Structure formats: C-alpha cells, structure tokens
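**Q** Hey, dropping my_file.cif in here, mmCIF, C-alpha atoms:
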```
data_target
loop_
_atom_site.group_PDB
_atom_site.id
_atom_site.type_symbol
_atom_site.label_atom_id
_atom_site.label_comp_id
_atom_site.auth_asym_id
_atom_site.auth_seq_id
_atom_site.Cartn_x
_atom_site.Cartn_y
_atom_site.Cartn_z
ATOM 1 C CA MET A 16 18.150 -10.769 25.727
ATOM 2 C CA THR A 17 21.004 -9.800 23.424
ATOM 3 C CA ALA A 18 21.896 -9.746 19.762
ATOM 4 C CA ASN A 19 24.242 -12.702 20.355
ATOM 5 C CA ALA A 20 21.252 -14.956 20.967
ATOM 6 C CA LEU A 21 20.180 -14.197 17.392
ATOM 7 C CA ARG A 22 23.448 -15.676 16.131
ATOM 8 C CA ASP A 23 23.783 -18.752 18.334
ATOM 9 C CA GLY A 24 21.824 -21.994 18.396
ATOM 10 C CA ASP A 25 19.457 -23.562 15.906
ATOM 11 C CA LEU A 26 17.412 -21.348 13.638
ATOM 12 C CA GLU A 27 14.093 -22.183 15.272
ATOM 13 C CA THR A 28 15.405 -21.054 18.663
ATOM 14 C CA ARG A 29 16.807 -17.863 17.166
ATOM 15 C CA GLU A 30 13.504 -17.084 15.488
ATOM 16 C CA ALA A 31 11.650 -17.581 18.762
ATOM 17 C CA HIS A 32 14.130 -15.246 20.455
ATOM 18 C CA LEU A 33 13.567 -12.658 17.735
ATOM 19 C CA TYR A 34 9.830 -12.647 18.362
ATOM 20 C CA GLN A 35 10.469 -12.181 22.077
ATOM 21 C CA LEU A 36 12.640 -9.172 21.284
ATOM 22 C CA LEU A 37 9.966 -7.702 19.030
ATOM 23 C CA ASP A 38 7.318 -8.208 21.702
ATOM 24 C CA ARG A 39 9.441 -6.568 24.383
ATOM 25 C CA ALA A 40 10.275 -3.647 22.130
ATOM 26 C CA HIS A 41 6.634 -3.199 21.159
ATOM 27 C CA ASP A 42 5.071 -3.657 24.582
ATOM 28 C CA TYR A 43 7.664 -2.057 26.843
ATOM 29 C CA GLY A 44 10.196 -0.243 24.671
ATOM 30 C CA ASP A 45 12.829 -2.438 26.324
ATOM 31 C CA PRO A 46 16.215 -0.800 25.600
ATOM 32 C CA ALA A 47 18.108 -4.100 25.382
ATOM 33 C CA ALA A 48 15.558 -5.541 22.974
ATOM 34 C CA VAL A 49 15.613 -2.393 20.855
ATOM 35 C CA ALA A 50 19.430 -2.427 20.745
ATOM 36 C CA ALA A 51 19.460 -6.078 19.645
ATOM 37 C CA LEU A 52 16.960 -5.392 16.864
ATOM 38 C CA GLN A 53 18.889 -2.346 15.707
ATOM 39 C CA ALA A 54 22.052 -4.429 15.613
ATOM 40 C CA LEU A 55 20.299 -6.972 13.389
ATOM 41 C CA VAL A 56 19.417 -4.226 10.915
ATOM 42 C CA ARG A 57 22.793 -2.506 11.138
ATOM 43 C CA ASP A 58 24.880 -5.694 10.766
ATOM 44 C CA TYR A 59 22.407 -7.653 8.666
ATOM 45 C CA PRO A 60 24.973 -9.796 6.751
ATOM 46 C CA ASP A 61 25.972 -11.373 10.069
ATOM 47 C CA TYR A 62 22.472 -12.744 10.631
ATOM 48 C CA HIS A 63 20.427 -15.433 8.938
ATOM 49 C CA ARG A 64 18.189 -13.882 6.307
ATOM 50 C CA SER A 65 15.151 -15.560 7.893
ATOM 51 C CA LEU A 66 15.673 -13.397 10.976
ATOM 52 C CA TYR A 67 16.052 -10.268 8.881
ATOM 53 C CA THR A 68 12.841 -10.902 6.956
ATOM 54 C CA ARG A 69 10.872 -11.573 10.131
ATOM 55 C CA ALA A 70 12.233 -8.444 11.774
ATOM 56 C CA MET A 71 11.424 -6.289 8.761
ATOM 57 C CA ASN A 72 7.889 -7.649 8.698
ATOM 58 C CA GLN A 73 7.557 -5.647 11.929
ATOM 59 C CA ALA A 74 9.872 -2.820 10.957
ATOM 60 C CA ASP A 75 7.479 -0.253 12.427
ATOM 61 C CA VAL A 76 8.279 -1.647 15.889
ATOM 62 C CA ILE A 77 11.971 -0.956 15.377
ATOM 63 C CA ALA A 78 11.300 2.410 13.765
ATOM 64 C CA ALA A 79 9.255 3.544 16.765
ATOM 65 C CA HIS A 80 12.379 3.394 18.953
ATOM 66 C CA THR A 81 15.051 4.412 16.435
ATOM 67 C CA PRO A 82 16.178 8.025 15.884
ATOM 68 C CA PRO A 83 15.611 9.231 12.301
ATOM 69 C CA GLY A 84 18.490 8.343 10.020
ATOM 70 C CA GLU A 85 20.279 6.022 12.438
ATOM 71 C CA LEU A 86 19.763 2.917 10.282
ATOM 72 C CA ARG A 87 19.667 4.675 6.907
ATOM 73 C CA GLU A 88 22.971 3.374 5.559
ATOM 74 C CA PRO A 89 22.503 -0.351 6.338
ATOM 75 C CA LEU A 90 18.962 -0.239 4.957
ATOM 76 C CA LEU A 91 20.170 1.333 1.717
ATOM 77 C CA ALA A 92 22.946 -1.249 1.543
ATOM 78 C CA ALA A 93 20.477 -4.107 1.987
ATOM 79 C CA LEU A 94 18.273 -2.585 -0.700
ATOM 80 C CA ASP A 95 21.165 -3.022 -3.137
ATOM 81 C CA ASP A 96 22.398 -6.371 -1.804
ATOM 82 C CA THR A 97 21.249 -8.972 -4.324
ATOM 83 C CA ARG A 98 23.460 -11.624 -2.733
ATOM 84 C CA TYR A 99 21.680 -11.384 0.621
ATOM 85 C CA ASN A 100 18.420 -11.385 -1.376
ATOM 86 C CA CYS A 101 16.289 -9.474 1.100
ATOM 87 C CA GLN A 102 15.587 -6.402 -0.987
ATOM 88 C CA ALA A 103 11.823 -6.667 -0.488
ATOM 89 C CA TRP A 104 12.271 -6.594 3.277
ATOM 90 C CA ALA A 105 14.830 -3.810 3.092
ATOM 91 C CA ALA A 106 12.147 -1.827 1.243
ATOM 92 C CA MET A 107 9.827 -2.449 4.196
ATOM 93 C CA GLY A 108 12.479 -1.118 6.538
ATOM 94 C CA CYS A 109 13.124 1.955 4.408
ATOM 95 C CA ALA A 110 9.412 2.714 4.356
ATOM 96 C CA ALA A 111 8.995 2.267 8.107
ATOM 97 C CA MET A 112 12.010 4.403 8.933
ATOM 98 C CA GLY A 113 11.346 7.135 6.406
ATOM 99 C CA VAL A 114 14.475 6.612 4.320
ATOM 100 C CA ARG A 115 13.556 8.877 1.407
ATOM 101 C CA GLU A 116 16.999 8.441 -0.134
ATOM 102 C CA ALA A 117 15.757 4.967 -1.106
ATOM 103 C CA VAL A 118 13.233 6.324 -3.609
ATOM 104 C CA PRO A 119 15.460 6.205 -6.741
ATOM 105 C CA ARG A 120 16.444 2.616 -6.003
ATOM 106 C CA LEU A 121 12.840 1.662 -5.243
ATOM 107 C CA VAL A 122 11.822 3.005 -8.649
ATOM 108 C CA GLU A 123 14.497 0.807 -10.249
ATOM 109 C CA LEU A 124 13.173 -2.211 -8.351
ATOM 110 C CA LEU A 125 9.799 -1.846 -10.083
ATOM 111 C CA ASP A 126 11.446 -3.770 -12.935
ATOM 112 C CA ASP A 127 12.726 -6.579 -10.710
ATOM 113 C CA ARG A 128 11.914 -10.151 -11.697
ATOM 114 C CA GLN A 129 10.830 -11.118 -8.174
ATOM 115 C CA TRP A 130 7.186 -10.270 -7.554
ATOM 116 C CA LYS A 131 7.763 -9.723 -3.838
ATOM 117 C CA VAL A 132 10.399 -7.100 -4.543
ATOM 118 C CA VAL A 133 8.083 -5.238 -6.905
ATOM 119 C CA GLU A 134 5.190 -5.384 -4.449
ATOM 120 C CA GLU A 135 7.210 -4.031 -1.529
ATOM 121 C CA ALA A 136 8.826 -1.376 -3.717
ATOM 122 C CA LEU A 137 5.332 -0.179 -4.624
ATOM 123 C CA ARG A 138 4.238 -0.154 -0.989
ATOM 124 C CA ALA A 139 7.371 1.739 0.025
ATOM 125 C CA LEU A 140 6.935 4.302 -2.736
ATOM 126 C CA GLY A 141 3.445 4.950 -1.432
ATOM 127 C CA ARG A 142 4.968 5.964 1.907
ATOM 128 C CA LEU A 143 8.118 7.665 0.654
ATOM 129 C CA GLY A 144 7.296 8.964 -2.817
ATOM 130 C CA ASP A 145 6.088 12.328 -4.032
ATOM 131 C CA ALA A 146 5.055 13.933 -7.304
ATOM 132 C CA SER A 147 8.406 13.030 -8.853
ATOM 133 C CA THR A 148 7.603 9.300 -8.585
ATOM 134 C CA VAL A 149 4.203 9.531 -10.293
ATOM 135 C CA PRO A 150 5.647 9.112 -13.837
ATOM 136 C CA ALA A 151 7.177 5.786 -12.784
ATOM 137 C CA LEU A 152 3.934 4.554 -11.216
ATOM 138 C CA ARG A 153 1.488 5.774 -13.834
ATOM 139 C CA PRO A 154 2.275 3.144 -16.526
ATOM 140 C CA LEU A 155 1.760 0.360 -13.996
ATOM 141 C CA LEU A 156 -1.929 1.251 -13.773
ATOM 142 C CA ALA A 157 -2.191 -0.423 -17.169
ATOM 143 C CA ASP A 158 -0.136 -3.499 -16.253
ATOM 144 C CA GLU A 159 -1.544 -6.856 -17.321
ATOM 145 C CA VAL A 160 -1.150 -8.219 -13.773
ATOM 146 C CA ASP A 161 -4.055 -7.392 -11.460
ATOM 147 C CA TRP A 162 -2.085 -6.978 -8.249
ATOM 148 C CA VAL A 163 0.408 -4.622 -9.908
ATOM 149 C CA ARG A 164 -2.470 -2.338 -10.905
ATOM 150 C CA LEU A 165 -3.872 -2.572 -7.376
ATOM 151 C CA ARG A 166 -0.601 -1.741 -5.597
ATOM 152 C CA SER A 167 0.161 1.064 -8.043
ATOM 153 C CA ALA A 168 -3.235 2.653 -7.466
ATOM 154 C CA GLU A 169 -2.769 2.345 -3.703
ATOM 155 C CA ALA A 170 0.676 3.936 -3.924
ATOM 156 C CA LEU A 171 -0.674 6.886 -5.899
ATOM 157 C CA ALA A 172 -3.502 7.346 -3.402
ATOM 158 C CA ASP A 173 -0.977 7.361 -0.567
ATOM 159 C CA ILE A 174 1.268 9.866 -2.356
ATOM 160 C CA GLY A 175 -1.642 12.176 -3.131
ATOM 161 C CA GLY A 176 -1.414 15.490 -4.937
ATOM 162 C CA PRO A 177 -2.722 16.677 -8.305
ATOM 163 C CA GLU A 178 -0.276 14.578 -10.355
ATOM 164 C CA ALA A 179 -1.378 11.345 -8.720
ATOM 165 C CA LEU A 180 -5.035 12.313 -9.024
ATOM 166 C CA GLU A 181 -4.709 13.002 -12.744
ATOM 167 C CA ALA A 182 -2.965 9.671 -13.325
ATOM 168 C CA LEU A 183 -5.813 7.821 -11.636
ATOM 169 C CA TRP A 184 -8.505 9.910 -13.306
ATOM 170 C CA TYR A 185 -7.078 9.124 -16.734
ATOM 171 C CA GLU A 186 -7.491 5.412 -16.020
ATOM 172 C CA PHE A 187 -11.000 6.028 -14.696
ATOM 173 C CA GLU A 188 -11.971 7.805 -17.907
ATOM 174 C CA HIS A 189 -10.299 5.442 -20.361
ATOM 175 C CA ARG A 190 -10.885 2.103 -18.557
ATOM 176 C CA ARG A 191 -8.323 -0.124 -20.197
ATOM 177 C CA PHE A 192 -9.779 -3.015 -18.177
ATOM 178 C CA PRO A 193 -13.453 -3.845 -17.555
ATOM 179 C CA ARG A 194 -13.023 -3.908 -13.772
ATOM 180 C CA ILE A 195 -11.310 -0.891 -12.239
ATOM 181 C CA GLY A 196 -12.196 -1.290 -8.589
ATOM 182 C CA PRO A 197 -8.675 -0.323 -7.401
ATOM 183 C CA ILE A 198 -8.854 2.891 -9.433
ATOM 184 C CA ALA A 199 -12.257 3.785 -7.971
ATOM 185 C CA SER A 200 -11.103 3.072 -4.425
ATOM 186 C CA ALA A 201 -7.922 5.090 -4.907
ATOM 187 C CA LEU A 202 -9.851 8.059 -6.291
ATOM 188 C CA ALA A 203 -11.948 8.151 -3.120
ATOM 189 C CA ALA A 204 -8.773 9.059 -1.210
ATOM 190 C CA PHE A 205 -8.781 12.419 -3.004
ATOM 191 C CA ALA A 206 -12.039 13.584 -1.449
ATOM 192 C CA PRO A 207 -13.346 16.201 -1.180
ATOM 193 C CA GLU A 208 -11.775 17.696 -4.321
ATOM 194 C CA VAL A 209 -12.631 14.697 -6.492
ATOM 195 C CA ILE A 210 -16.287 14.522 -5.426
ATOM 196 C CA PRO A 211 -17.653 16.977 -8.046
ATOM 197 C CA ARG A 212 -15.957 14.977 -10.803
ATOM 198 C CA LEU A 213 -17.399 11.724 -9.511
ATOM 199 C CA ILE A 214 -20.892 13.169 -9.138
ATOM 200 C CA ALA A 215 -20.685 14.378 -12.740
ATOM 201 C CA ALA A 216 -19.518 10.907 -13.810
ATOM 202 C CA ALA A 217 -22.560 9.438 -12.060
ATOM 203 C CA ASP A 218 -24.672 11.218 -14.722
ATOM 204 C CA ASP A 219 -22.568 10.022 -17.643
ATOM 205 C CA PRO A 220 -24.381 8.204 -20.500
ATOM 206 C CA ASP A 221 -21.963 5.283 -20.071
ATOM 207 C CA PRO A 222 -23.287 2.865 -17.416
ATOM 208 C CA ASN A 223 -19.760 1.577 -16.821
ATOM 209 C CA ARG A 224 -18.663 5.031 -15.744
ATOM 210 C CA ARG A 225 -21.746 5.463 -13.564
ATOM 211 C CA TYR A 226 -21.051 2.102 -11.921
ATOM 212 C CA TRP A 227 -17.474 2.943 -10.974
ATOM 213 C CA ALA A 228 -18.407 6.472 -9.968
ATOM 214 C CA ALA A 229 -20.851 4.955 -7.484
ATOM 215 C CA VAL A 230 -18.149 2.660 -6.100
ATOM 216 C CA ALA A 231 -15.767 5.579 -5.652
ATOM 217 C CA LEU A 232 -18.395 7.859 -4.126
ATOM 218 C CA GLY A 233 -19.303 5.324 -1.472
ATOM 219 C CA SER A 234 -15.675 4.972 -0.450
ATOM 220 C CA THR A 235 -15.303 8.703 0.200
ATOM 221 C CA GLY A 236 -17.360 8.511 3.383
ATOM 222 C CA ASP A 237 -18.707 11.974 2.578
ATOM 223 C CA GLU A 238 -22.378 12.641 3.370
ATOM 224 C CA ARG A 239 -22.664 14.933 0.343
ATOM 225 C CA VAL A 240 -22.616 11.931 -1.996
ATOM 226 C CA ALA A 241 -25.540 10.130 -0.358
ATOM 227 C CA ALA A 242 -28.239 11.773 -2.482
ATOM 228 C CA THR A 243 -26.488 10.787 -5.708
ATOM 229 C CA LEU A 244 -26.107 7.188 -4.564
ATOM 230 C CA GLU A 245 -29.732 6.998 -3.432
ATOM 231 C CA ARG A 246 -30.861 8.257 -6.834
ATOM 232 C CA LEU A 247 -28.733 5.710 -8.669
ATOM 233 C CA GLN A 248 -30.035 2.926 -6.477
ATOM 234 C CA ALA A 249 -33.647 3.910 -7.074
ATOM 235 C CA GLU A 250 -33.573 4.816 -10.750
ATOM 236 C CA ASP A 251 -30.549 3.505 -12.634
ATOM 237 C CA ARG A 252 -31.145 0.239 -14.522
ATOM 238 C CA GLY A 253 -27.894 0.399 -16.457
ATOM 239 C CA ALA A 254 -25.588 -2.638 -16.762
ATOM 240 C CA THR A 255 -21.841 -2.850 -17.292
ATOM 241 C CA VAL A 256 -19.834 -4.906 -19.761
ATOM 242 C CA PHE A 257 -19.382 -7.528 -17.031
ATOM 243 C CA ASP A 258 -23.121 -7.587 -16.221
ATOM 244 C CA GLY A 259 -22.830 -5.493 -13.095
ATOM 245 C CA GLU A 260 -25.833 -3.292 -12.313
ATOM 246 C CA VAL A 261 -25.380 0.372 -11.515
ATOM 247 C CA ARG A 262 -28.170 0.273 -8.941
ATOM 248 C CA ALA A 263 -26.505 -2.679 -7.203
ATOM 249 C CA ALA A 264 -23.201 -0.806 -7.108
ATOM 250 C CA ALA A 265 -24.991 2.215 -5.618
ATOM 251 C CA LYS A 266 -26.694 0.081 -2.979
ATOM 252 C CA LYS A 267 -23.386 -1.440 -1.924
ATOM 253 C CA ALA A 268 -21.738 1.983 -2.027
ATOM 254 C CA LEU A 269 -24.354 3.352 0.365
ATOM 255 C CA ARG A 270 -23.544 0.561 2.810
ATOM 256 C CA THR A 271 -19.845 1.370 2.457
ATOM 257 C CA LEU A 272 -20.572 5.065 3.023
ATOM 258 C CA ARG A 273 -22.485 4.369 6.231
ATOM 259 C CA ARG A 274 -19.849 1.940 7.487
ATOM 260 C CA ILE A 275 -17.086 4.515 6.992
ATOM 261 C CA GLN A 276 -19.151 7.209 8.679
ATOM 262 C CA ALA A 277 -19.865 4.915 11.644
ATOM 263 C CA ALA A 278 -16.183 4.118 12.011
ATOM 264 C CA ILE A 279 -15.302 7.826 11.940
ATOM 265 C CA ALA A 280 -17.934 8.566 14.577
ATOM 266 C CA ALA A 281 -16.683 5.726 16.790
ATOM 267 C CA ARG A 282 -13.113 7.016 16.617
ATOM 268 C CA ALA A 283 -14.265 10.535 17.455
ATOM 269 C CA ALA A 284 -16.255 9.266 20.441
ATOM 270 C CA GLY A 285 -13.378 7.135 21.699
#
```
How does the structure come out when it is put into structure tokens?
**A**
Amino acid sequence: MTANALRDGDLETREAHLYQLLDRAHDYGDPAAVAALQALVRDYPDYHRSLYTRAMNQADVIAAHTPPGELREPLLAALDDTRYNCQAWAAMGCAAMGVREAVPRLVELLDDRQWKVVEEALRALGRLGDASTVPALRPLLADEVDWVRLRSAEALADIGGPEALEALWYEFEHRRFPRIGPIASALAAFAPEVIPRLIAAADDPDPNRRYWAAVALGSTGDERVAATLERLQAEDRGATVFDGEVRAAAKKALRTLRRIQAAIAARAAG
C-alpha cells in the first residue's frame, strides 16, 4: 500500500484504500501505511480533500506514529488554506499532533462563518490552549447558539486552571440562560477544588442555583457530595424557571455519581 494509490483511480476506490491504510496503521503500526498517511498530510494539496477530511477524522492514528513536530508546517499551512477549504480538519490534525503554534490561528477561526470550522477550533483549543486563550473563549459562554456554549464550556474544562474555572463560575452565578447544563458539567471537571463552592450553592435560596449545583455535584464522581445530594432529594421541593424539580435533579445526580464511581472502580480493577 502506497501513497500513489491515494492519487490514482476513482474516488471511491481511493477512499477504501485510505481506510485500509488507517486500519493497518492503527492495528499494526505498519510503516508503509504510516508513511502513506504522513505523505497525505504533508502534501495535502496533491490529494482530494475528501481523503484529507477522512484521514483527519482519525488524526490520532497518524499522530501515534509521527514524531512531534514532523507535520507541524503542513498542518499550519492547511489551517490557513481557505482555497483547499479543510480548515476544520486541519484543526483536528493540529490538536491530535500537539501543534501549539496553531493556537493564535485557532482563536481567529472562532469568528469563521462555517460552523464546522468554529466547532473544531473550539475542540482544538480545548486540547492545545492554556490560560491565555480563556479571554477568547469566555464570551462564547453567552453565545445565542446552544452548541457554541456547549463546546466553549467543554474547551474551558479541558484547559483547566483558575482562569477557566472563574469564567465558568461567573456563568453559573449569573445564568444568562435558563438551562446551563454544559456549565454545570464543565464545573464538575474542576473537582475537588470546586466542590465546596457547589455544596454552598446547594444551600442557596434560589432553587435554580440548587438545581444546577446538584447536577454539577453528581458529575464530580466524588463520594463527599453524596450526603448533600441525598438531602436535596429527600427534602428540597424547589422548582426552576423551566419547571425542573431540585429533588429530581438530585436523584438523577446520585445515579450519575454512582455510575462514575462504578466506572472508576472497574478501570482500577482491570
């Protein structure tokens, strides 16, 4: 199997060959397959964009067999190449291969008109960003589009650190939207340091805050939150602006807590 087979023949045949290369690289680390995939990334303008997008959908496979920095320059070039129009998939490649030099361009792509580009830029910033990218992500937590808020919250959770935590906590406190599930889930990633704040929020006079505190607490997977959730389930009759019940949120959060704990135990045993 060679890179030439990705250039010759009808597109359907080339796509099938690409998947064979990806399988061989993934399953066996086949040097010829890896070299062909690296050539596709390195010389991307010579290949049909359909092949590039499919390869970048499994960029982690290529990254696993590629020395750090080897494909940095072609990935950065593709990230800027509006004519080839594969910037979203170049962002995937940059994320998989740890190309941190892509961060400034990824921040610029948050304003792109193509939703796929914005989504993959957000995902990539979650893997590559640091505290310096938080100011660019923070305003997107208040975006009118649901999935933008979701991906921004996920990116901040992945980045971590006090700056990201404070950005998410601000949205938790001010609730610019009735439903802030992505914010609550993202805050759980900051356990254990966020747990005291969430337990305090579970005693807040506002039932909306108690509801989302329960959601976040359950997602921490931390046994220390169980007593608070059990109390909310048993005693709290508060209702949110969207008619959600705090006790129902606590009940579901307890199930989430136990599911996470079971998964952790299974991984430890295996």
**Q** Could you tell me how far CA of Arg164 in chain A lies from CA of Gly236 in chain A, in Å and to one decimal?
**A**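 Result for CA of Arg164 in chain A versus CA of Gly236 in chain A: 23.3 Å, one decimal.
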**Q** From the list A:Glu134, A:Glu88, A:Asp126, A:Asp145, which residue is nearest Val114 in chain A when using all atoms listed in the file?
**A**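 Using all atoms listed in the file, the shortest distance to Val114 in chain A belongs to A:Glu88.
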**Q** Evaluate the PyMOL selection byres ((chain A and resi 82) around 12) on the structure here and hand back the selected residues as an MDAnalysis selection string.
**A** chainID A and resid 49:50 53 77:81 83:87 112:114
**Q** Given the choices A:Ile198, A:Leu155, A:Leu52, A:Val122, which gets closest to Leu143 in chain A if the distance is worked out from all atoms listed in the file?
**A**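 Selected residue with least distance to Leu143 in chain A: A:Val122.
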**Q** Have a look at A:Ala20, A:Val160, A:Asp127, A:Asp38 and name the one nearest to Ala51 in chain A; count all atoms listed in the file.
**A** A:Ala20
**Q** Out of A:Phe205, A:Tyr34, A:Trp227, A:Tyr43, which residue has the shortest atom-to-atom distance to Ala172 in chain A when counting all atoms listed in the file?
**A**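 Smallest separation from Ala172 in chain A among the options: A:Phe205.
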**Q** Would you fill the gaps in range 114-132 of chain A so it has N, CA, C and O atoms, then print it as a PDB file, in the frame of the given file?
**A**
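After the write, result.pdb holds the following:
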```
ATOM      1  N   VAL A 114      13.219   6.421   5.050  1.00  0.00           N
ATOM      2  CA  VAL A 114      14.475   6.612   4.320  1.00  0.00           C
ATOM      3  C   VAL A 114      14.146   7.069   2.893  1.00  0.00           C
ATOM      4  O   VAL A 114      14.068   6.265   1.958  1.00  0.00           O
ATOM      5  N   ARG A 115      13.959   8.351   2.714  1.00  0.00           N
ATOM      6  CA  ARG A 115      13.556   8.877   1.407  1.00  0.00           C
ATOM      7  C   ARG A 115      14.666   8.766   0.372  1.00  0.00           C
ATOM      8  O   ARG A 115      14.389   8.804  -0.837  1.00  0.00           O
ATOM      9  N   GLU A 116      15.891   8.638   0.817  1.00  0.00           N
ATOM     10  CA  GLU A 116      16.999   8.441  -0.134  1.00  0.00           C
ATOM     11  C   GLU A 116      16.853   7.132  -0.906  1.00  0.00           C
ATOM     12  O   GLU A 116      17.516   6.933  -1.923  1.00  0.00           O
ATOM     13  N   ALA A 117      15.974   6.247  -0.429  1.00  0.00           N
ATOM     14  CA  ALA A 117      15.757   4.967  -1.106  1.00  0.00           C
ATOM     15  C   ALA A 117      14.894   5.090  -2.352  1.00  0.00           C
ATOM     16  O   ALA A 117      14.845   4.152  -3.158  1.00  0.00           O
ATOM     17  N   VAL A 118      14.225   6.211  -2.533  1.00  0.00           N
ATOM     18  CA  VAL A 118      13.233   6.324  -3.609  1.00  0.00           C
ATOM     19  C   VAL A 118      13.805   5.998  -4.993  1.00  0.00           C
ATOM     20  O   VAL A 118      13.192   5.211  -5.738  1.00  0.00           O
ATOM     21  N   PRO A 119      14.959   6.551  -5.403  1.00  0.00           N
ATOM     22  CA  PRO A 119      15.460   6.205  -6.741  1.00  0.00           C
ATOM     23  C   PRO A 119      15.684   4.709  -6.928  1.00  0.00           C
ATOM     24  O   PRO A 119      15.385   4.151  -7.995  1.00  0.00           O
ATOM     25  N   ARG A 120      16.212   4.057  -5.902  1.00  0.00           N
ATOM     26  CA  ARG A 120      16.444   2.616  -6.003  1.00  0.00           C
ATOM     27  C   ARG A 120      15.118   1.855  -6.020  1.00  0.00           C
ATOM     28  O   ARG A 120      14.970   0.866  -6.743  1.00  0.00           O
ATOM     29  N   LEU A 121      14.153   2.309  -5.244  1.00  0.00           N
ATOM     30  CA  LEU A 121      12.840   1.662  -5.243  1.00  0.00           C
ATOM     31  C   LEU A 121      12.190   1.747  -6.622  1.00  0.00           C
ATOM     32  O   LEU A 121      11.549   0.788  -7.076  1.00  0.00           O
ATOM     33  N   VAL A 122      12.350   2.871  -7.290  1.00  0.00           N
ATOM     34  CA  VAL A 122      11.822   3.005  -8.649  1.00  0.00           C
ATOM     35  C   VAL A 122      12.487   1.987  -9.570  1.00  0.00           C
ATOM     36  O   VAL A 122      11.821   1.344 -10.394  1.00  0.00           O
ATOM     37  N   GLU A 123      13.797   1.803  -9.439  1.00  0.00           N
ATOM     38  CA  GLU A 123      14.497   0.807 -10.249  1.00  0.00           C
ATOM     39  C   GLU A 123      13.969  -0.598  -9.987  1.00  0.00           C
ATOM     40  O   GLU A 123      13.857  -1.426 -10.904  1.00  0.00           O
ATOM     41  N   LEU A 124      13.620  -0.874  -8.732  1.00  0.00           N
ATOM     42  CA  LEU A 124      13.173  -2.211  -8.351  1.00  0.00           C
ATOM     43  C   LEU A 124      11.775  -2.542  -8.894  1.00  0.00           C
ATOM     44  O   LEU A 124      11.349  -3.694  -8.811  1.00  0.00           O
ATOM     45  N   LEU A 125      11.090  -1.561  -9.457  1.00  0.00           N
ATOM     46  CA  LEU A 125       9.799  -1.846 -10.083  1.00  0.00           C
ATOM     47  C   LEU A 125       9.957  -2.770 -11.288  1.00  0.00           C
ATOM     48  O   LEU A 125       8.975  -3.376 -11.735  1.00  0.00           O
ATOM     49  N   ASP A 126      11.174  -2.884 -11.806  1.00  0.00           N
ATOM     50  CA  ASP A 126      11.446  -3.770 -12.935  1.00  0.00           C
ATOM     51  C   ASP A 126      12.057  -5.100 -12.502  1.00  0.00           C
ATOM     52  O   ASP A 126      12.477  -5.898 -13.346  1.00  0.00           O
ATOM     53  N   ASP A 127      12.111  -5.344 -11.197  1.00  0.00           N
ATOM     54  CA  ASP A 127      12.726  -6.579 -10.710  1.00  0.00           C
ATOM     55  C   ASP A 127      11.920  -7.804 -11.137  1.00  0.00           C
ATOM     56  O   ASP A 127      10.699  -7.730 -11.316  1.00  0.00           O
ATOM     57  N   ARG A 128      12.591  -8.922 -11.261  1.00  0.00           N
ATOM     58  CA  ARG A 128      11.914 -10.151 -11.697  1.00  0.00           C
ATOM     59  C   ARG A 128      11.180 -10.848 -10.551  1.00  0.00           C
ATOM     60  O   ARG A 128      10.356 -11.729 -10.794  1.00  0.00           O
ATOM     61  N   GLN A 129      11.492 -10.500  -9.313  1.00  0.00           N
ATOM     62  CA  GLN A 129      10.830 -11.118  -8.174  1.00  0.00           C
ATOM     63  C   GLN A 129       9.569 -10.316  -7.813  1.00  0.00           C
ATOM     64  O   GLN A 129       9.655  -9.126  -7.528  1.00  0.00           O
ATOM     65  N   TRP A 130       8.444 -10.982  -7.800  1.00  0.00           N
ATOM     66  CA  TRP A 130       7.186 -10.270  -7.554  1.00  0.00           C
ATOM     67  C   TRP A 130       7.169  -9.615  -6.178  1.00  0.00           C
ATOM     68  O   TRP A 130       6.626  -8.520  -6.015  1.00  0.00           O
ATOM     69  N   LYS A 131       7.772 -10.275  -5.190  1.00  0.00           N
ATOM     70  CA  LYS A 131       7.763  -9.723  -3.838  1.00  0.00           C
ATOM     71  C   LYS A 131       8.541  -8.419  -3.777  1.00  0.00           C
ATOM     72  O   LYS A 131       8.137  -7.482  -3.058  1.00  0.00           O
ATOM     73  N   VAL A 132       9.619  -8.333  -4.506  1.00  0.00           N
ATOM     74  CA  VAL A 132      10.399  -7.100  -4.543  1.00  0.00           C
ATOM     75  C   VAL A 132       9.578  -5.973  -5.153  1.00  0.00           C
ATOM     76  O   VAL A 132       9.542  -4.850  -4.626  1.00  0.00           O
TER      77      VAL A 132
END
```
